[in-house]
Amino acid sequence: MTHYGVGVILTLLAIGFSQANGNIFERTFKKLHEEPYVPTNQNRADEVQTLWIEQKLDHFNDSETRTWQMRYMLNDVFFKAGGPMFIYLGGEWAISKGRISEGHMYDMAKEHNGLLAYTEHRYYGESHPLPDLSNDSLQFLHVKQALADLAHFIKTQKASYKGLSDSKVIIVGGSYSAAMVTWFKRTYPDLVAGGWASSAPLFAKVDFVEYKEIAGQSIVLMGGSDCYNRIQKGIAEMEAMFANKRGSEVKALLKLCEPFDVYSDLDVWNLFSEISDIFSGVVQTHNTGQIEGVCQKIMAEGSDLVGLSKFLLSEFGESTSKCNDLSYNAMIDTLSDTRYSGSVRRQWLFQTCNEYGWYQTSGSASQPFGTKFPVTFYTTMCADLYGPQFSKSFIEARAAETNEYFGGLTPKVENVYFSHGQLDPWRAMGIQDEKQATIIPKHAHCADLGSISIDDTAEMRASKERVAELVREWL
């Protein structure tokens, strides 16, 4: 393997790295946690209303009397009295009109003269139970509270919206909100007739090694084994450079800002975690040609290290005047901001520390992203951000409690349709038994929420038609 010589390293170091190059962490995170598929060809004739409903701050404590306003959206373009209500559940993102202006749920609402609704999850978007995101405020951020918000929403709509009192309810979700579909049907079975859970992670696991394994398998399937091997060898070469006191060369190669300490485990772990997450974003959001295109870029160079580093610099936002601050402290500083800023990272990380784990670690040798983002990195982050009580054993106990309460991979729910994309690393935490779930070949995360299309593969079309058939039965 070749590596950058001293002359090239010095040239790179001589470049004026005067500023950090944006917030790399935020860009990568947003790609992995964005609102599932919003059509760009929205029906502008529809009038989507943005409305607010009063919710209890704490549904499980009668002595807590504070309330707050939860945002939701309605589209009544198809609604006729007695028709069903179709609710898309918001997850760790801000809701938008697109989700109830087009797509497969929209088409089913049209067929059944249904009312379309989209609920926003507490602490995300503009639904702010408390004015900040301090550790004290975050105590009311929990999926059980969010499910109770939804129960109150359904009861209130049926009681107050004209023509809805005898209507059945169908709920739909993608990713985390697909898990919510399942858990709501388990917790409040009488409030909904059925649900569609696209890419639902149901099993809480702290050391989620399977994520990177499936990401690697998907790269092989779509981009080829040579691409997988180049990523693996390029990352291994970077790891070896740190181990052999050549970390400063990696620092120059990737244009890392001066605060990055090549001898700090936390800084090194943060760097390799970010590198692996960039590839996760490629796989998880895969559309036709996406993984293949990245692999073509990486394979176009003459060596593993150069191919990998050039791709990473393009993802960082390569610039001759800015450096890339991937130090651990830089990340902790951004995550410590307790203002509502449009970012959802602080909220979502809290939920993982307090409920799920789901840390996509380097704990398996059967993946190409190296060994330098262990579970200790993520549990350390929890304690540094939310308090010393968030030890590894505490986080594991909380994840076990989630599985016990909601049933893990055996939720024992009726009338919920589960679908996953074969390429999606999240499917490892979901139901994959072919008798209970549909795995759609060569598709990724939440890729099946759009309308039935001539561009659909046979398997994709069959899955969407099965959802529509089940909804007819449930209604």
# chains A, B, ... in the order shown; residues from 1 in each chain; ligands from 1
>>> closest_atom_pairs(of="stretch 393-455 of chain A", to="stretch 338-359 of chain A", cutoff="10 Å", atoms="only C-alpha atoms", output="tab-separated table")
residue	atom	partner	partner_atom	distance
A:Phe394	CA	A:Asn354	CA	8.4
A:Ile395	CA	A:Cys353	CA	5.7
A:Glu396	CA	A:Gly357	CA	7.3
A:Ala397	CA	A:Glu355	CA	8.9
A:Arg398	CA	A:Glu355	CA	5.3
A:Ala399	CA	A:Tyr356	CA	4.7
A:Ala400	CA	A:Tyr356	CA	8.3
A:Glu401	CA	A:Glu355	CA	7.9
A:Thr402	CA	A:Glu355	CA	6.2
A:Asn403	CA	A:Tyr356	CA	8.7
A:Trp426	CA	A:Trp358	CA	9.4
A:Met429	CA	A:Trp358	CA	8.8
>>> residues_around(residues="A:Asp261", least_positions_apart="5", cutoff="8 Å", atoms="only C-alpha atoms", output="PyMOL selection string")
chain A and resi 267-268+327
>>> residues_around(residues="stretch 277-280 of chain A", least_positions_apart="3", cutoff="8 Å", atoms="only C-alpha atoms", output="PyMOL selection string")
chain A and resi 28+32+212+215+273-274+283-284+315
>>> atom_distance(atom1="atom CA of A:Asn324", atom2="atom CA of A:Ile24")
7.6 Å
>>> select_by_dssp(residues="stretch 263-366 of chain A", states="strand (DSSP E or B)", output="PyMOL selection string")
chain A and resi 322-324+357-359
>>> write_last_selection(atoms="all heavy atoms", output="PDB file, in the first residue's frame")
ATOM      1  N   LYS A 322     -10.430  26.064   4.791  1.00  0.00           N
ATOM      2  CA  LYS A 322     -11.065  25.643   6.035  1.00  0.00           C
ATOM      3  C   LYS A 322     -10.594  24.252   6.409  1.00  0.00           C
ATOM      4  O   LYS A 322     -10.315  23.417   5.559  1.00  0.00           O
ATOM      5  CB  LYS A 322     -12.591  25.658   5.887  1.00  0.00           C
ATOM      6  CG  LYS A 322     -13.178  27.049   5.668  1.00  0.00           C
ATOM      7  CD  LYS A 322     -14.697  26.983   5.579  1.00  0.00           C
ATOM      8  CE  LYS A 322     -15.287  28.374   5.369  1.00  0.00           C
ATOM      9  NZ  LYS A 322     -16.758  28.341   5.284  1.00  0.00           N
ATOM     10  N   CYS A 323     -10.536  24.032   7.704  1.00  0.00           N
ATOM     11  CA  CYS A 323     -10.184  22.704   8.183  1.00  0.00           C
ATOM     12  C   CYS A 323     -11.439  22.002   8.693  1.00  0.00           C
ATOM     13  O   CYS A 323     -12.506  22.601   8.805  1.00  0.00           O
ATOM     14  CB  CYS A 323      -9.123  22.787   9.278  1.00  0.00           C
ATOM     15  SG  CYS A 323      -9.667  23.701  10.751  1.00  0.00           S
ATOM     16  N   ASN A 324     -11.287  20.730   8.999  1.00  0.00           N
ATOM     17  CA  ASN A 324     -12.402  19.907   9.449  1.00  0.00           C
ATOM     18  C   ASN A 324     -12.225  19.582  10.927  1.00  0.00           C
ATOM     19  O   ASN A 324     -11.300  18.858  11.292  1.00  0.00           O
ATOM     20  CB  ASN A 324     -12.456  18.622   8.621  1.00  0.00           C
ATOM     21  CG  ASN A 324     -12.558  18.906   7.142  1.00  0.00           C
ATOM     22  OD1 ASN A 324     -13.448  19.611   6.695  1.00  0.00           O
ATOM     23  ND2 ASN A 324     -11.619  18.363   6.360  1.00  0.00           N
ATOM     24  N   GLY A 357     -30.197   2.475  23.162  1.00  0.00           N
ATOM     25  CA  GLY A 357     -28.849   2.140  22.720  1.00  0.00           C
ATOM     26  C   GLY A 357     -28.754   2.386  21.227  1.00  0.00           C
ATOM     27  O   GLY A 357     -28.668   3.521  20.780  1.00  0.00           O
ATOM     28  N   TRP A 358     -28.728   1.296  20.448  1.00  0.00           N
ATOM     29  CA  TRP A 358     -28.631   1.374  18.982  1.00  0.00           C
ATOM     30  C   TRP A 358     -27.353   2.062  18.521  1.00  0.00           C
ATOM     31  O   TRP A 358     -27.325   2.763  17.511  1.00  0.00           O
ATOM     32  CB  TRP A 358     -29.857   2.063  18.372  1.00  0.00           C
ATOM     33  CG  TRP A 358     -31.116   1.251  18.385  1.00  0.00           C
ATOM     34  CD1 TRP A 358     -31.219  -0.113  18.435  1.00  0.00           C
ATOM     35  CD2 TRP A 358     -32.469   1.749  18.330  1.00  0.00           C
ATOM     36  NE1 TRP A 358     -32.549  -0.498  18.420  1.00  0.00           N
ATOM     37  CE2 TRP A 358     -33.331   0.626  18.351  1.00  0.00           C
ATOM     38  CE3 TRP A 358     -33.027   3.026  18.254  1.00  0.00           C
ATOM     39  CZ2 TRP A 358     -34.725   0.738  18.314  1.00  0.00           C
ATOM     40  CZ3 TRP A 358     -34.404   3.140  18.213  1.00  0.00           C
ATOM     41  CH2 TRP A 358     -35.242   2.013  18.240  1.00  0.00           C
ATOM     42  N   TYR A 359     -26.250   1.823  19.262  1.00  0.00           N
ATOM     43  CA  TYR A 359     -24.969   2.413  18.870  1.00  0.00           C
ATOM     44  C   TYR A 359     -24.315   1.522  17.822  1.00  0.00           C
ATOM     45  O   TYR A 359     -24.038   0.346  18.062  1.00  0.00           O
ATOM     46  CB  TYR A 359     -24.076   2.624  20.091  1.00  0.00           C
ATOM     47  CG  TYR A 359     -24.772   3.495  21.107  1.00  0.00           C
ATOM     48  CD1 TYR A 359     -25.016   3.051  22.396  1.00  0.00           C
ATOM     49  CD2 TYR A 359     -25.260   4.755  20.731  1.00  0.00           C
ATOM     50  CE1 TYR A 359     -25.705   3.843  23.299  1.00  0.00           C
ATOM     51  CE2 TYR A 359     -25.958   5.538  21.630  1.00  0.00           C
ATOM     52  CZ  TYR A 359     -26.181   5.079  22.907  1.00  0.00           C
ATOM     53  OH  TYR A 359     -26.887   5.851  23.787  1.00  0.00           O
TER      54      TYR A 359
END
>>> select_by_dssp(residues="stretch 43-220 of chain A", states="alpha helix (DSSP H)", output="ChimeraX atom specification")
/A:104-111,143-160,176-187,210-220
>>> residues_around(residues="stretch 102-115 of chain A", least_positions_apart="5", cutoff="6 Å", atoms="only C-alpha atoms", output="PyMOL selection string")
chain A and resi 42+76+78-80+83-85+449-451
>>> residues_around(residues="A:Leu266", least_positions_apart="6", cutoff="10 Å", atoms="only C-alpha atoms", output="MDAnalysis selection string")
chainID A and resid 260 327:329 372:373 376:378 380:381
>>> write_last_selection(atoms="N, CA, C and O atoms", output="PDB file, in the first residue's frame")
ATOM      1  N   PHE A 260      -7.659  18.708  17.079  1.00  0.00           N
ATOM      2  CA  PHE A 260      -7.669  17.246  17.016  1.00  0.00           C
ATOM      3  C   PHE A 260      -6.362  16.705  17.574  1.00  0.00           C
ATOM      4  O   PHE A 260      -5.278  17.034  17.112  1.00  0.00           O
ATOM      5  N   SER A 327     -12.730  16.853  16.286  1.00  0.00           N
ATOM      6  CA  SER A 327     -12.341  16.542  17.663  1.00  0.00           C
ATOM      7  C   SER A 327     -13.574  16.170  18.483  1.00  0.00           C
ATOM      8  O   SER A 327     -14.697  16.603  18.191  1.00  0.00           O
ATOM      9  N   TYR A 328     -13.367  15.364  19.498  1.00  0.00           N
ATOM     10  CA  TYR A 328     -14.462  14.965  20.388  1.00  0.00           C
ATOM     11  C   TYR A 328     -15.080  16.176  21.059  1.00  0.00           C
ATOM     12  O   TYR A 328     -16.310  16.292  21.146  1.00  0.00           O
ATOM     13  N   ASN A 329     -14.246  17.104  21.505  1.00  0.00           N
ATOM     14  CA  ASN A 329     -14.767  18.288  22.197  1.00  0.00           C
ATOM     15  C   ASN A 329     -15.637  19.148  21.286  1.00  0.00           C
ATOM     16  O   ASN A 329     -16.623  19.738  21.742  1.00  0.00           O
ATOM     17  N   LYS A 372     -12.208   1.247  15.454  1.00  0.00           N
ATOM     18  CA  LYS A 372     -11.970   2.402  16.315  1.00  0.00           C
ATOM     19  C   LYS A 372     -13.220   3.217  16.657  1.00  0.00           C
ATOM     20  O   LYS A 372     -13.150   4.427  16.846  1.00  0.00           O
ATOM     21  N   PHE A 373     -14.382   2.570  16.773  1.00  0.00           N
ATOM     22  CA  PHE A 373     -15.537   3.257  17.360  1.00  0.00           C
ATOM     23  C   PHE A 373     -16.305   2.254  18.227  1.00  0.00           C
ATOM     24  O   PHE A 373     -17.394   1.825  17.909  1.00  0.00           O
ATOM     25  N   THR A 376     -17.820   1.849  24.049  1.00  0.00           N
ATOM     26  CA  THR A 376     -17.373   2.763  25.113  1.00  0.00           C
ATOM     27  C   THR A 376     -17.395   4.218  24.640  1.00  0.00           C
ATOM     28  O   THR A 376     -17.664   5.132  25.436  1.00  0.00           O
ATOM     29  N   PHE A 377     -17.117   4.447  23.365  1.00  0.00           N
ATOM     30  CA  PHE A 377     -17.168   5.806  22.821  1.00  0.00           C
ATOM     31  C   PHE A 377     -18.555   6.409  23.022  1.00  0.00           C
ATOM     32  O   PHE A 377     -18.703   7.551  23.462  1.00  0.00           O
ATOM     33  N   TYR A 378     -19.586   5.643  22.720  1.00  0.00           N
ATOM     34  CA  TYR A 378     -20.956   6.161  22.769  1.00  0.00           C
ATOM     35  C   TYR A 378     -21.467   6.289  24.203  1.00  0.00           C
ATOM     36  O   TYR A 378     -22.149   7.262  24.536  1.00  0.00           O
ATOM     37  N   THR A 380     -19.608   6.829  26.799  1.00  0.00           N
ATOM     38  CA  THR A 380     -18.884   7.980  27.354  1.00  0.00           C
ATOM     39  C   THR A 380     -19.584   9.277  26.964  1.00  0.00           C
ATOM     40  O   THR A 380     -19.737  10.202  27.775  1.00  0.00           O
ATOM     41  N   MET A 381     -20.016   9.348  25.715  1.00  0.00           N
ATOM     42  CA  MET A 381     -20.736  10.521  25.233  1.00  0.00           C
ATOM     43  C   MET A 381     -22.018  10.753  26.045  1.00  0.00           C
ATOM     44  O   MET A 381     -22.341  11.884  26.417  1.00  0.00           O
TER      45      MET A 381
END
>>> atom_distance(atom1="atom CA of A:Ile219", atom2="atom CA of A:Gly91")
27.1 Å
>>> residues_around(residues="A:Arg186", least_positions_apart="6", cutoff="8 Å", atoms="only C-alpha atoms", output="list in words")
Phe406, Pro411, Lys412 and Val413 of chain A
>>> write_last_selection(atoms="N, CA and C atoms", output="compact mmCIF listing (two decimals), in the first residue's frame")
# COMPACT_ATOMS: atom_id res chain seq x y z
N PHE A 406 -42.16 -3.40 25.52
CA PHE A 406 -42.76 -3.43 24.19
C PHE A 406 -42.65 -4.78 23.48
N PRO A 411 -43.60 -8.47 19.51
CA PRO A 411 -44.49 -7.47 20.11
C PRO A 411 -45.93 -7.94 20.30
N LYS A 412 -46.29 -9.05 19.67
CA LYS A 412 -47.63 -9.63 19.81
C LYS A 412 -48.72 -8.61 19.47
N VAL A 413 -48.62 -8.08 18.25
CA VAL A 413 -49.62 -7.14 17.77
C VAL A 413 -50.35 -7.75 16.57
>>> residues_around(residues="A:Glu210", least_positions_apart="4", cutoff="8 Å", atoms="only C-alpha atoms", output="list in words")
Ile214, Gln360, Ser364, Pro425 and Ala428 of chain A
>>> decode(residues="stretch 201-215 of chain A", atoms="all heavy atoms", output="CSV table (one decimal), in the first residue's frame")
chain,number,residue,atom,x,y,z
A,201,PRO,N,-37.3,-0.5,13.6
A,201,PRO,CA,-36.4,-1.2,14.5
A,201,PRO,C,-37.1,-1.4,15.9
A,201,PRO,O,-37.5,-0.5,16.6
A,201,PRO,CB,-35.2,-0.2,14.7
A,201,PRO,CG,-35.9,1.2,14.5
A,201,PRO,CD,-37.1,0.9,13.6
A,202,LEU,N,-37.3,-2.7,16.2
A,202,LEU,CA,-38.1,-3.0,17.4
A,202,LEU,C,-37.3,-3.5,18.6
A,202,LEU,O,-37.8,-3.4,19.7
A,202,LEU,CB,-39.2,-4.1,17.1
A,202,LEU,CG,-40.2,-3.7,16.0
A,202,LEU,CD1,-41.1,-4.9,15.7
A,202,LEU,CD2,-41.0,-2.5,16.3
A,203,PHE,N,-36.1,-3.9,18.3
A,203,PHE,CA,-35.3,-4.5,19.4
A,203,PHE,C,-34.2,-3.5,19.9
A,203,PHE,O,-33.4,-3.1,19.0
A,203,PHE,CB,-34.6,-5.8,18.9
A,203,PHE,CG,-33.9,-6.5,20.0
A,203,PHE,CD1,-34.6,-7.2,21.0
A,203,PHE,CD2,-32.5,-6.5,20.1
A,203,PHE,CE1,-33.9,-7.9,22.0
A,203,PHE,CE2,-31.8,-7.2,21.1
A,203,PHE,CZ,-32.5,-7.9,22.1
A,204,ALA,N,-34.3,-3.1,21.1
A,204,ALA,CA,-33.3,-2.2,21.6
A,204,ALA,C,-32.0,-2.9,22.0
A,204,ALA,O,-32.1,-3.9,22.7
A,204,ALA,CB,-33.9,-1.5,22.9
A,205,LYS,N,-30.9,-2.4,21.5
A,205,LYS,CA,-29.6,-3.1,21.7
A,205,LYS,C,-28.5,-2.1,21.8
A,205,LYS,O,-28.4,-1.2,20.9
A,205,LYS,CB,-29.3,-4.1,20.6
A,205,LYS,CG,-28.1,-4.9,20.8
A,205,LYS,CD,-27.8,-5.9,19.6
A,205,LYS,CE,-26.6,-6.8,19.9
A,205,LYS,NZ,-26.3,-7.7,18.8
A,206,VAL,N,-27.7,-2.1,22.8
A,206,VAL,CA,-26.7,-1.1,23.0
A,206,VAL,C,-25.6,-1.2,22.0
A,206,VAL,O,-25.2,-0.3,21.3
A,206,VAL,CB,-26.2,-1.1,24.5
A,206,VAL,CG1,-25.1,-0.1,24.7
A,206,VAL,CG2,-27.3,-0.8,25.5
A,207,ASP,N,-25.0,-2.4,21.9
A,207,ASP,CA,-23.9,-2.6,21.0
A,207,ASP,C,-24.4,-3.2,19.7
A,207,ASP,O,-24.4,-4.4,19.5
A,207,ASP,CB,-22.9,-3.6,21.7
A,207,ASP,CG,-21.5,-3.5,21.0
A,207,ASP,OD1,-21.4,-2.8,20.0
A,207,ASP,OD2,-20.6,-4.2,21.5
A,208,PHE,N,-24.9,-2.3,18.8
A,208,PHE,CA,-25.6,-2.7,17.6
A,208,PHE,C,-24.6,-2.9,16.5
A,208,PHE,O,-24.5,-2.2,15.5
A,208,PHE,CB,-26.6,-1.6,17.3
A,208,PHE,CG,-27.4,-1.7,16.0
A,208,PHE,CD1,-27.5,-2.9,15.4
A,208,PHE,CD2,-28.1,-0.6,15.6
A,208,PHE,CE1,-28.3,-3.1,14.2
A,208,PHE,CE2,-28.9,-0.7,14.4
A,208,PHE,CZ,-29.0,-2.0,13.8
A,209,VAL,N,-23.8,-4.1,16.6
A,209,VAL,CA,-22.8,-4.4,15.6
A,209,VAL,C,-23.3,-4.7,14.3
A,209,VAL,O,-22.7,-4.6,13.2
A,209,VAL,CB,-21.9,-5.5,16.1
A,209,VAL,CG1,-21.2,-5.1,17.4
A,209,VAL,CG2,-22.6,-6.8,16.3
A,210,GLU,N,-24.6,-5.2,14.2
A,210,GLU,CA,-25.1,-5.7,13.0
A,210,GLU,C,-25.3,-4.6,11.9
A,210,GLU,O,-25.3,-4.9,10.7
A,210,GLU,CB,-26.5,-6.4,13.2
A,210,GLU,CG,-26.4,-7.6,14.1
A,210,GLU,CD,-26.5,-7.4,15.6
A,210,GLU,OE1,-26.4,-6.2,16.0
A,210,GLU,OE2,-26.7,-8.3,16.3
A,211,TYR,N,-25.5,-3.3,12.4
A,211,TYR,CA,-25.7,-2.3,11.5
A,211,TYR,C,-24.5,-2.2,10.5
A,211,TYR,O,-24.8,-2.1,9.3
A,211,TYR,CB,-25.8,-0.9,12.2
A,211,TYR,CG,-26.2,0.2,11.3
A,211,TYR,CD1,-27.5,0.7,11.2
A,211,TYR,CD2,-25.2,0.9,10.5
A,211,TYR,CE1,-27.8,1.7,10.4
A,211,TYR,CE2,-25.6,1.9,9.7
A,211,TYR,CZ,-26.9,2.3,9.6
A,211,TYR,OH,-27.2,3.3,8.8
A,212,LYS,N,-23.3,-2.1,11.0
A,212,LYS,CA,-22.2,-2.0,10.1
A,212,LYS,C,-21.9,-3.2,9.2
A,212,LYS,O,-21.4,-3.2,8.1
A,212,LYS,CB,-20.9,-1.6,10.8
A,212,LYS,CG,-21.0,-0.3,11.6
A,212,LYS,CD,-21.3,0.9,10.8
A,212,LYS,CE,-21.3,2.2,11.6
A,212,LYS,NZ,-21.7,3.4,10.9
A,213,GLU,N,-22.3,-4.4,9.8
A,213,GLU,CA,-22.2,-5.6,9.0
A,213,GLU,C,-23.1,-5.6,7.8
A,213,GLU,O,-22.6,-5.9,6.7
A,213,GLU,CB,-22.6,-6.8,9.9
A,213,GLU,CG,-21.7,-7.2,11.0
A,213,GLU,CD,-22.1,-8.3,11.9
A,213,GLU,OE1,-23.3,-8.6,11.8
A,213,GLU,OE2,-21.3,-8.9,12.6
A,214,ILE,N,-24.4,-5.2,8.0
A,214,ILE,CA,-25.3,-5.1,6.8
A,214,ILE,C,-24.9,-4.0,5.9
A,214,ILE,O,-25.0,-4.1,4.6
A,214,ILE,CB,-26.7,-4.9,7.3
A,214,ILE,CG1,-27.2,-6.2,8.0
A,214,ILE,CG2,-27.7,-4.7,6.1
A,214,ILE,CD1,-28.6,-6.2,8.6
A,215,ALA,N,-24.4,-2.9,6.4
A,215,ALA,CA,-23.9,-1.8,5.5
A,215,ALA,C,-22.8,-2.3,4.6
A,215,ALA,O,-22.7,-2.0,3.4
A,215,ALA,CB,-23.4,-0.6,6.4
